[in-house]
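Engineer: Data: final36.txt, compact mmCIF, C-alpha atoms and all ligand atoms.
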```txt
# COMPACT_ATOMS: atom_id res chain seq x y z
CA MET A 1 0.00 0.00 0.00
CA SER A 2 1.51 3.31 -0.98
CA GLU A 3 1.45 6.42 1.15
CA ASP A 4 -0.68 8.31 -1.30
CA GLY A 5 -2.50 5.19 -2.39
CA ASN A 6 -6.16 4.55 -2.46
CA GLU A 7 -7.74 6.23 0.54
CA GLU A 8 -10.41 3.50 0.58
CA LEU A 9 -7.72 1.14 1.79
CA LEU A 10 -7.60 3.22 4.95
CA ASP A 11 -11.25 2.57 5.73
CA ILE A 12 -11.77 1.15 9.24
CA ASP A 13 -13.21 -1.96 7.56
CA THR A 14 -9.66 -2.98 6.69
CA MET A 15 -8.75 -3.27 10.39
CA SER A 16 -9.25 -6.97 11.08
CA GLU A 17 -8.55 -6.39 14.77
CA ILE A 18 -11.86 -4.53 15.22
CA GLY A 19 -15.12 -6.46 15.44
CA PRO A 20 -18.29 -5.54 13.50
CA ALA A 21 -20.16 -4.09 16.52
CA THR A 22 -17.23 -1.79 17.33
CA LYS A 23 -17.01 -0.75 13.69
CA THR A 24 -20.70 0.18 13.73
CA SER A 25 -20.22 2.27 16.90
CA LEU A 26 -17.22 3.99 15.30
CA ARG A 27 -19.11 4.77 12.10
CA GLN A 28 -22.11 6.10 13.97
CA ALA A 29 -19.81 8.50 15.81
CA GLY A 30 -18.22 9.66 12.53
CA PHE A 31 -14.95 7.67 12.54
CA LYS A 32 -14.59 6.36 9.03
CA THR A 33 -10.87 5.88 8.43
CA ILE A 34 -7.73 4.72 10.21
CA LYS A 35 -6.54 8.32 10.00
CA ASP A 36 -9.65 9.48 11.89
CA ILE A 37 -8.79 7.06 14.70
CA VAL A 38 -5.21 8.32 14.97
CA ILE A 39 -6.24 11.98 14.75
CA ARG A 40 -8.89 11.84 17.47
CA GLY A 41 -7.02 9.60 19.94
CA PRO A 42 -8.31 7.17 22.60
CA THR A 43 -9.94 9.63 25.04
CA ASP A 44 -11.99 11.30 22.34
CA ILE A 45 -13.04 7.99 20.79
CA ALA A 46 -14.05 6.55 24.16
CA GLU A 47 -16.10 9.65 24.89
CA ALA A 48 -17.79 9.75 21.50
CA THR A 49 -18.58 6.03 21.19
CA GLY A 50 -18.82 4.65 24.72
CA ILE A 51 -16.21 1.99 23.85
CA ALA A 52 -13.97 1.06 26.82
CA MET A 53 -10.82 3.16 27.14
CA ASP A 54 -8.36 0.21 27.07
CA LYS A 55 -9.96 -1.05 23.86
CA CYS A 56 -9.66 2.44 22.33
CA THR A 57 -5.99 2.64 23.33
CA THR A 58 -5.22 -0.72 21.69
CA MET A 59 -7.17 0.36 18.59
CA CYS A 60 -5.29 3.67 18.34
CA ASN A 61 -1.91 1.96 18.75
CA ARG A 62 -2.72 -0.50 15.98
CA ALA A 63 -4.02 2.30 13.72
CA ARG A 64 -0.76 4.17 14.24
CA GLU A 65 1.26 1.05 13.37
CA ILE A 66 -0.69 0.70 10.12
CA LEU A 67 0.12 4.31 9.20
CA GLU A 68 3.79 3.58 9.96
CA GLU A 69 3.69 0.48 7.76
CA ILE A 70 2.36 2.46 4.78
CA GLY A 71 4.78 5.34 5.30
CA VAL A 72 2.41 8.07 6.49
CA PHE A 73 4.37 8.18 9.75
CA ASP A 74 8.04 7.51 10.34
CA LYS A 75 8.84 4.21 11.98
CA PRO A 76 10.26 4.65 15.50
CA PHE A 77 14.06 4.52 15.96
CA ILE A 78 15.31 5.98 12.70
CA THR A 79 18.46 8.06 12.36
CA ALA A 80 18.49 11.84 12.60
CA ASN A 81 19.96 11.83 9.09
CA GLN A 82 16.90 10.04 7.69
CA ILE A 83 14.66 12.62 9.33
CA TYR A 84 16.88 15.43 8.02
CA GLU A 85 16.74 14.16 4.43
CA LYS A 86 12.98 13.78 4.63
CA ARG A 87 12.49 17.27 6.06
CA LYS A 88 14.55 18.82 3.25
CA SER A 89 12.15 17.46 0.65
CA GLU A 90 9.02 18.43 2.51
CA TYR A 91 6.66 20.89 0.93
CA ARG A 92 6.57 24.47 2.24
CA ILE A 93 3.95 27.01 1.31
CA PRO A 94 5.28 30.38 0.12
CA THR A 95 3.85 33.35 2.02
CA GLY A 96 4.14 35.90 -0.77
CA SER A 97 6.90 37.82 1.03
CA LYS A 98 10.57 36.86 0.53
CA ASN A 99 11.43 38.25 3.96
CA PHE A 100 8.70 36.24 5.60
CA ASP A 101 9.69 33.04 3.77
CA GLU A 102 13.28 33.53 4.84
CA LEU A 103 12.21 34.00 8.48
CA LEU A 104 10.36 30.69 8.30
CA GLY A 105 13.17 28.84 6.53
CA GLY A 106 11.47 28.73 3.13
CA GLY A 107 7.75 29.13 3.80
CA ILE A 108 5.03 27.70 6.01
CA GLU A 109 6.01 24.20 7.07
CA THR A 110 3.71 21.25 6.49
CA ARG A 111 3.09 18.78 9.35
CA ALA A 112 3.30 21.64 11.85
CA ILE A 113 1.18 24.35 13.45
CA THR A 114 2.21 27.93 12.74
CA GLU A 115 0.59 30.48 15.04
CA LEU A 116 0.27 34.17 14.14
CA TYR A 117 -0.62 36.52 16.95
CA GLY A 118 -0.74 40.27 17.26
CA GLU A 119 -2.93 43.31 17.78
CA PHE A 120 -5.91 44.13 15.54
CA GLY A 121 -4.90 45.25 12.07
CA THR A 122 -1.44 43.67 12.16
CA GLY A 123 -2.23 41.54 9.11
CA LYS A 124 -3.15 38.11 10.53
CA THR A 125 -6.25 37.79 8.34
CA GLN A 126 -4.37 39.28 5.35
CA ILE A 127 -1.68 36.61 5.64
CA CYS A 128 -4.37 33.91 5.86
CA HIS A 129 -6.06 35.19 2.69
CA THR A 130 -2.72 35.40 0.89
CA LEU A 131 -1.85 31.80 1.82
CA CYS A 132 -5.12 30.64 0.24
CA VAL A 133 -3.72 31.90 -3.06
CA THR A 134 0.01 31.19 -2.69
CA VAL A 135 -0.74 27.54 -1.82
CA GLN A 136 -2.04 27.32 -5.38
CA GLN A 137 1.15 28.77 -6.84
CA ASN A 138 3.37 25.81 -6.12
CA GLU A 139 5.03 24.46 -9.27
CA LYS A 140 5.15 20.91 -7.98
CA HIS A 141 1.46 20.76 -7.11
CA GLY A 142 0.13 23.19 -9.72
CA ASN A 143 -3.27 24.61 -8.99
CA LEU A 144 -4.39 21.31 -7.56
CA SER A 145 -3.49 22.36 -4.02
CA LYS A 146 -6.34 23.85 -2.09
CA ALA A 147 -6.92 25.66 1.18
CA LEU A 148 -9.43 25.02 3.95
CA TYR A 149 -10.38 28.21 5.79
CA VAL A 150 -12.19 28.00 9.13
CA ASP A 151 -13.58 31.47 9.73
CA THR A 152 -14.62 32.16 13.32
CA GLU A 153 -14.63 35.96 13.21
CA ASN A 154 -16.66 36.50 10.04
CA THR A 155 -13.71 38.20 8.35
CA PHE A 156 -13.22 35.85 5.39
CA ARG A 157 -13.80 37.82 2.20
CA PRO A 158 -13.90 36.10 -1.21
CA GLU A 159 -13.41 39.54 -2.82
CA ARG A 160 -9.96 39.74 -1.21
CA ILE A 161 -9.08 36.24 -2.51
CA SER A 162 -10.20 37.33 -5.97
CA ASP A 163 -8.11 40.55 -5.82
CA ILE A 164 -5.01 38.78 -4.51
CA ALA A 165 -5.34 36.09 -7.20
CA SER A 166 -5.65 38.74 -9.97
CA ALA A 167 -2.61 40.59 -8.64
CA ARG A 168 -0.72 37.27 -8.67
CA LYS A 169 -1.86 36.49 -12.21
CA ILE A 170 -4.08 33.55 -11.25
CA ASP A 171 -7.58 33.25 -12.67
CA PRO A 172 -9.75 34.51 -9.76
CA SER A 173 -12.53 32.03 -10.46
CA ILE A 174 -10.09 29.11 -10.26
CA ALA A 175 -8.52 30.55 -7.12
CA LEU A 176 -11.92 30.90 -5.44
CA GLU A 177 -12.87 27.36 -6.42
CA ASN A 178 -9.76 26.10 -4.61
CA VAL A 179 -10.64 27.61 -1.25
CA ILE A 180 -13.08 25.65 0.92
CA VAL A 181 -14.61 27.80 3.65
CA ALA A 182 -16.27 26.70 6.88
CA LYS A 183 -17.80 29.38 9.02
CA ALA A 184 -17.94 28.48 12.71
CA TYR A 185 -20.80 30.07 14.64
CA ASN A 186 -19.74 29.09 18.15
CA PHE A 187 -17.02 27.09 19.89
CA SER A 188 -18.80 23.74 19.68
CA HIS A 189 -19.50 24.28 15.98
CA GLN A 190 -15.80 25.10 15.55
CA GLU A 191 -14.91 21.80 17.28
CA VAL A 192 -17.27 19.83 15.02
CA ILE A 193 -15.82 21.47 11.90
CA ILE A 194 -12.26 20.66 12.94
CA GLN A 195 -13.15 17.08 13.88
CA GLU A 196 -14.81 16.55 10.51
CA SER A 197 -12.10 18.27 8.47
CA PRO A 198 -9.87 15.21 7.74
CA GLY A 199 -12.52 13.82 5.36
CA ILE A 200 -12.67 17.14 3.48
CA ILE A 201 -8.87 17.45 3.45
CA ASN A 202 -8.45 14.07 1.76
CA LEU A 203 -11.31 14.64 -0.65
CA HIS A 204 -10.07 18.01 -1.90
CA ASN A 205 -6.26 17.74 -1.81
CA ILE A 206 -6.06 20.44 0.83
CA LYS A 207 -2.48 21.48 1.59
CA ILE A 208 -3.18 24.20 4.14
CA MET A 209 -5.80 24.52 6.85
CA ILE A 210 -6.35 27.93 8.39
CA VAL A 211 -8.24 28.70 11.60
CA ASP A 212 -8.80 32.46 11.90
CA SER A 213 -8.98 32.78 14.87
CA ILE A 214 -8.56 29.79 17.14
CA VAL A 215 -9.65 31.47 20.38
CA SER A 216 -12.32 34.10 19.73
CA HIS A 217 -15.34 31.87 20.46
CA TYR A 218 -13.71 30.46 23.59
CA ARG A 219 -12.92 33.96 24.82
CA ALA A 220 -16.48 35.10 24.22
CA GLU A 221 -18.24 32.04 25.59
CA PHE A 222 -16.12 31.01 28.60
CA ILE A 223 -16.11 34.06 30.81
CA GLY A 224 -14.70 34.15 34.32
CA ARG A 225 -12.32 32.09 36.41
CA SER A 226 -14.80 29.34 37.22
CA VAL A 227 -14.79 28.11 33.60
CA LEU A 228 -11.13 28.82 32.84
CA ALA A 229 -10.03 25.21 33.41
CA GLU A 230 -12.68 23.85 31.05
CA ARG A 231 -11.81 26.47 28.43
CA GLN A 232 -8.13 25.56 28.55
CA GLN A 233 -8.91 21.87 28.42
CA ARG A 234 -11.08 22.29 25.33
CA ILE A 235 -8.50 24.49 23.57
CA ASN A 236 -5.79 21.96 24.44
CA ARG A 237 -7.79 19.10 22.98
CA LEU A 238 -8.57 21.07 19.82
CA LEU A 239 -4.93 22.02 19.29
CA HIS A 240 -3.80 18.42 19.65
CA ILE A 241 -6.38 17.33 17.09
CA LEU A 242 -5.04 20.05 14.74
CA LEU A 243 -1.47 18.89 15.29
CA ARG A 244 -2.40 15.30 14.50
CA ILE A 245 -4.31 16.48 11.40
CA ALA A 246 -1.17 18.33 10.27
CA GLU A 247 1.00 15.23 10.77
CA THR A 248 -1.41 12.61 9.46
CA CYS A 249 -2.73 14.51 6.44
CA LYS A 250 0.71 16.12 5.75
CA ILE A 251 -0.67 19.63 5.57
CA ALA A 252 0.27 22.98 7.03
CA VAL A 253 -1.96 24.29 9.81
CA VAL A 254 -2.01 28.04 10.40
CA ILE A 255 -3.89 29.47 13.36
CA THR A 256 -4.32 33.07 14.39
CA ASN A 257 -4.48 34.18 17.98
CA GLN A 258 -5.49 37.36 19.72
CA ILE A 259 -3.47 39.16 22.32
CA GLN A 260 -4.26 40.18 25.84
CA SER A 261 -2.67 43.03 27.69
CA SER A 262 -1.13 42.41 31.09
CA PRO A 263 -1.29 45.86 32.72
CA ASP A 264 0.91 44.64 35.58
CA ALA A 265 3.87 44.05 33.24
CA ILE A 266 6.57 46.47 34.40
CA PHE A 267 9.25 45.44 31.93
CA GLY A 268 8.94 44.45 28.29
CA ASP A 269 5.94 44.17 26.03
CA PRO A 270 2.61 43.98 27.95
CA ASN A 271 0.96 42.21 24.99
CA LYS A 272 0.77 38.46 25.39
CA PRO A 273 -0.92 35.88 23.18
CA THR A 274 -4.09 34.38 24.68
CA GLY A 275 -4.43 30.70 25.47
CA GLY A 276 -1.61 30.60 28.01
CA ASN A 277 0.72 27.63 28.29
CA VAL A 278 -1.62 25.32 26.39
CA MET A 279 -1.17 27.39 23.25
CA ALA A 280 2.52 28.05 23.85
CA HIS A 281 3.36 24.35 24.13
CA THR A 282 1.33 23.11 21.17
CA SER A 283 2.14 25.61 18.40
CA THR A 284 5.27 24.51 16.57
CA TYR A 285 6.12 28.03 15.40
CA ARG A 286 4.85 31.26 16.98
CA LEU A 287 5.09 34.58 15.18
CA TYR A 288 4.33 37.91 16.80
CA LEU A 289 3.07 40.57 14.38
CA LYS A 290 3.44 44.29 15.07
CA LYS A 291 2.73 47.51 13.22
CA ALA A 292 5.66 49.55 11.92
CA GLY A 293 4.10 52.57 10.20
CA LYS A 294 2.69 51.34 6.90
CA ASN A 295 4.63 48.09 7.14
CA ARG A 296 4.42 45.20 9.57
CA ILE A 297 7.01 43.38 11.66
CA ALA A 298 6.95 39.60 12.07
CA ARG A 299 9.01 38.25 14.94
CA MET A 300 9.76 34.56 15.39
CA VAL A 301 9.21 34.13 19.11
CA ASP A 302 9.15 30.37 19.45
CA SER A 303 10.55 27.72 17.15
CA PRO A 304 12.34 24.41 17.67
CA TYR A 305 15.18 25.55 15.38
CA HIS A 306 15.00 29.27 14.50
CA SER A 307 16.58 31.99 16.57
CA GLU A 308 14.42 34.86 17.81
CA ARG A 309 14.60 37.48 15.05
CA GLU A 310 12.31 39.76 13.12
CA ILE A 311 11.65 40.91 9.56
CA LEU A 312 9.57 43.59 7.81
CA PHE A 313 6.71 42.81 5.46
CA ALA A 314 4.01 44.88 3.76
CA LEU A 315 0.26 44.56 3.21
CA ASN A 316 -0.49 45.27 -0.43
CA ASP A 317 -2.61 44.35 -3.45
CA GLN A 318 -0.89 40.96 -3.63
CA GLY A 319 -1.98 40.24 -0.05
CA ILE A 320 1.38 40.42 1.67
CA GLY A 321 4.75 41.22 0.13
CA ASP A 322 8.05 42.92 0.84
CA PRO A 323 8.27 46.62 1.72
CA GLN A 324 9.32 48.95 -1.08
CA LYS A 325 12.93 50.02 -0.72
N1 LIG B 401 -6.58 45.52 -0.21
C1 LIG B 401 -5.73 45.88 0.74
N2 LIG B 401 -4.53 46.40 0.42
C2 LIG B 401 -3.67 46.76 1.39
N3 LIG B 401 -3.91 46.67 2.71
C3 LIG B 401 -5.10 46.17 3.07
C4 LIG B 401 -6.05 45.74 2.12
N4 LIG B 401 -7.12 45.25 2.80
C5 LIG B 401 -6.85 45.40 4.10
N5 LIG B 401 -5.63 45.94 4.28
C6 LIG B 401 -5.02 46.32 5.53
O1 LIG B 401 -4.97 45.22 6.39
C7 LIG B 401 -5.09 45.64 7.74
C8 LIG B 401 -6.03 44.74 8.47
O2 LIG B 401 -5.36 43.54 8.61
P1 LIG B 401 -6.06 42.24 9.12
O3 LIG B 401 -7.50 42.24 8.83
O4 LIG B 401 -5.25 41.12 8.61
O5 LIG B 401 -5.86 42.39 10.69
P2 LIG B 401 -5.86 41.28 11.80
O6 LIG B 401 -4.48 41.17 12.31
O7 LIG B 401 -6.51 40.06 11.28
O8 LIG B 401 -6.77 42.00 12.92
P3 LIG B 401 -7.88 41.42 13.90
O9 LIG B 401 -7.16 41.05 15.16
O10 LIG B 401 -8.83 42.55 14.08
O11 LIG B 401 -8.51 40.25 13.24
C9 LIG B 401 -5.55 47.08 7.73
O12 LIG B 401 -4.46 47.89 8.13
C10 LIG B 401 -5.90 47.31 6.28
O13 LIG B 401 -5.56 48.60 5.89
MG MG B 402 -8.33 39.15 11.62
```
Will you turn the file into structure tokens for me?

Structural biologist:
Amino acid sequence: MSEDGNEELLDIDTMSEIGPATKTSLRQAGFKTIKDIVIRGPTDIAEATGIAMDKCTTMCNRAREILEEIGVFDKPFITANQIYEKRKSEYRIPTGSKNFDELLGGGIETRAITELYGEFGTGKTQICHTLCVTVQQNEKHGNLSKALYVDTENTFRPERISDIASARKIDPSIALENVIVAKAYNFSHQEVIIQESPGIINLHNIKIMIVDSIVSHYRAEFIGRSVLAERQQRINRLLHILLRIAETCKIAVVITNQIQSSPDAIFGDPNKPTGGNVMAHTSTYRLYLKKAGKNRIARMVDSPYHSEREILFALNDQGIGDPQK
């Protein structure tokens, strides 16, 4: 079975270790493929289906082994060199700005979560719109690569996609066709959309999934200290699902985050991203966006291999680009 082989072969029916009654329970709860099982994990499956936790753990371990056997995941205990060679060939999505690409080491990385946070008007939504178009500009994948945009703030605008595509010499109607949009009306709707997204990702050859923004519904709907723990728990679970989607479906996940001001901060920048430690630990790359007159600054604040540095980029008719000299 090849990695990009027939997705039907990944149907849960192919798992001989699972009995028919369990398969029915899984299907009724929306788990259709081996990838779904790996993405959601044992706790989620147990909760959604009522199947015993130890059975779910065994099932998830076996599902993971199958994905290792067909090459979706690396086998355990491989050399750093093998990982290095694989990473070099992995697909990165250009941002539209040379400076920004250089900051990221060549573009937005697939199989990772990239978080953009910053004040209002710093360009988070503009970057997200631009990525919907630049993902289609990859020579290797042609215009077959699509974007999935989860809009939680009602700021997705097809007109902007159309304008950015025209400025980048892509037929706007094709560009618009290649962007799948899901509008989330509240936090639980957002969770359902993200849980159901793997099916859409495989069906449409999605290469980037955007969630703009990840936290706004949680901030609006979980108010006060008494519900803080539940809020954090839900965000944590959602982020881990997103991370597993990125790894299993080999796509880039970009999330935007708001900031909160800590008025008690005596030194340094009082602006902090929301979501606390949960967010900080799960995002693979975190970029802080700031205004700099007409231009914008992007600062890499957390990365497993980049140093903390910043670059300038501009918001323009092409979405984002480099500032004029
Ligand atoms: N067509 C355009 N050309 C150039 N700049 C634009 C264009 N459309 C919007 N902008 C600029 O983009 C900025 C808004 O950026 P954006 O909507 O990405 O902010 P954001 O970081 O998502 O903010 P929020 O936190 O409110 O969601 C504004 O300064 C606006 O002038
Ligand atoms: Mg925005």

Engineer: Using only C-alpha atoms, can you tell me which of A:Lys207, A:Glu153, A:Arg27, A:Met15 comes closest to Lys124 (chain A)?

Structural biologist: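 Closest residue, counting only C-alpha atoms: A:Glu153.
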
Engineer: Might you pull out every residue within 10 Å of Gln126 (chain A), with all atoms listed in the file counted and same-chain residues fewer than 6 positions away left off, and present them as a PyMOL selection string?

Structural biologist: chain A and resi 155-156+160-161+164+315-316+318-320

Engineer: Between A:Gln195, A:Gln137, A:Thr282, A:Thr152, which is the closest to ligand MG 402 (chain B) once you count all atoms listed in the file?

Structural biologist: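 Nearest candidate to ligand MG 402 (chain B) out of A:Gln195, A:Gln137, A:Thr282, A:Thr152: A:Thr152.
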
Engineer: List the neighbours of Phe120 (chain A) out to 12 Å using all atoms listed in the file; skip same-chain residues closer than 5 positions along the sequence, and give me the result as a PDB file with C-alpha atoms, keeping the file's coordinate frame.

Structural biologist:
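Once written, around-v1.pdb looks like this:
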```pdb
ATOM      1  CA  THR A 125      -6.250  37.790   8.340  1.00  0.00           C
ATOM      2  CA  GLN A 126      -4.370  39.280   5.350  1.00  0.00           C
ATOM      3  CA  SER A 213      -8.980  32.780  14.870  1.00  0.00           C
ATOM      4  CA  THR A 256      -4.320  33.070  14.390  1.00  0.00           C
ATOM      5  CA  ASN A 257      -4.480  34.180  17.980  1.00  0.00           C
ATOM      6  CA  GLN A 258      -5.490  37.360  19.720  1.00  0.00           C
ATOM      7  CA  ILE A 259      -3.470  39.160  22.320  1.00  0.00           C
ATOM      8  CA  GLN A 260      -4.260  40.180  25.840  1.00  0.00           C
ATOM      9  CA  ASN A 271       0.960  42.210  24.990  1.00  0.00           C
ATOM     10  CA  LEU A 289       3.070  40.570  14.380  1.00  0.00           C
ATOM     11  CA  LYS A 290       3.440  44.290  15.070  1.00  0.00           C
ATOM     12  CA  LYS A 291       2.730  47.510  13.220  1.00  0.00           C
ATOM     13  CA  ARG A 296       4.420  45.200   9.570  1.00  0.00           C
TER      14      ARG A 296
END
```

Engineer: Which polymer residues have any atom within 9 Å of an atom of Ile51 (chain A), counting all atoms listed in the file, with same-chain residues fewer than 5 positions away left out, as number ranges by chain?

Structural biologist: A: 22, 25-26, 45-46, 56

Engineer: Find the residue from A:Leu242, A:Leu144, A:Val179, A:Ile311 that sits nearest to Leu287 (chain A); use all atoms listed in the file when measuring.

Structural biologist: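 Of all the options, A:Ile311 lies closest to Leu287 (chain A).
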
Engineer: With distances taken over all atoms listed in the file, which residue among A:Val215, A:Ile70, A:Ile108, A:Ile93 lies nearest ligand MG 402 (chain B)?

Structural biologist: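 Counting all atoms listed in the file, the residue closest to ligand MG 402 (chain B) is A:Val215.
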
Engineer: Expressed in Å to a single decimal, how great is the separation between CA of Thr79 (chain A) and CA of His240 (chain A)?

Structural biologist: 25.6 Å

Engineer: So how far away is CA of Ile206 (chain A) from CA of Phe313 (chain A), in Å?

Structural biologist: 26.2 Å
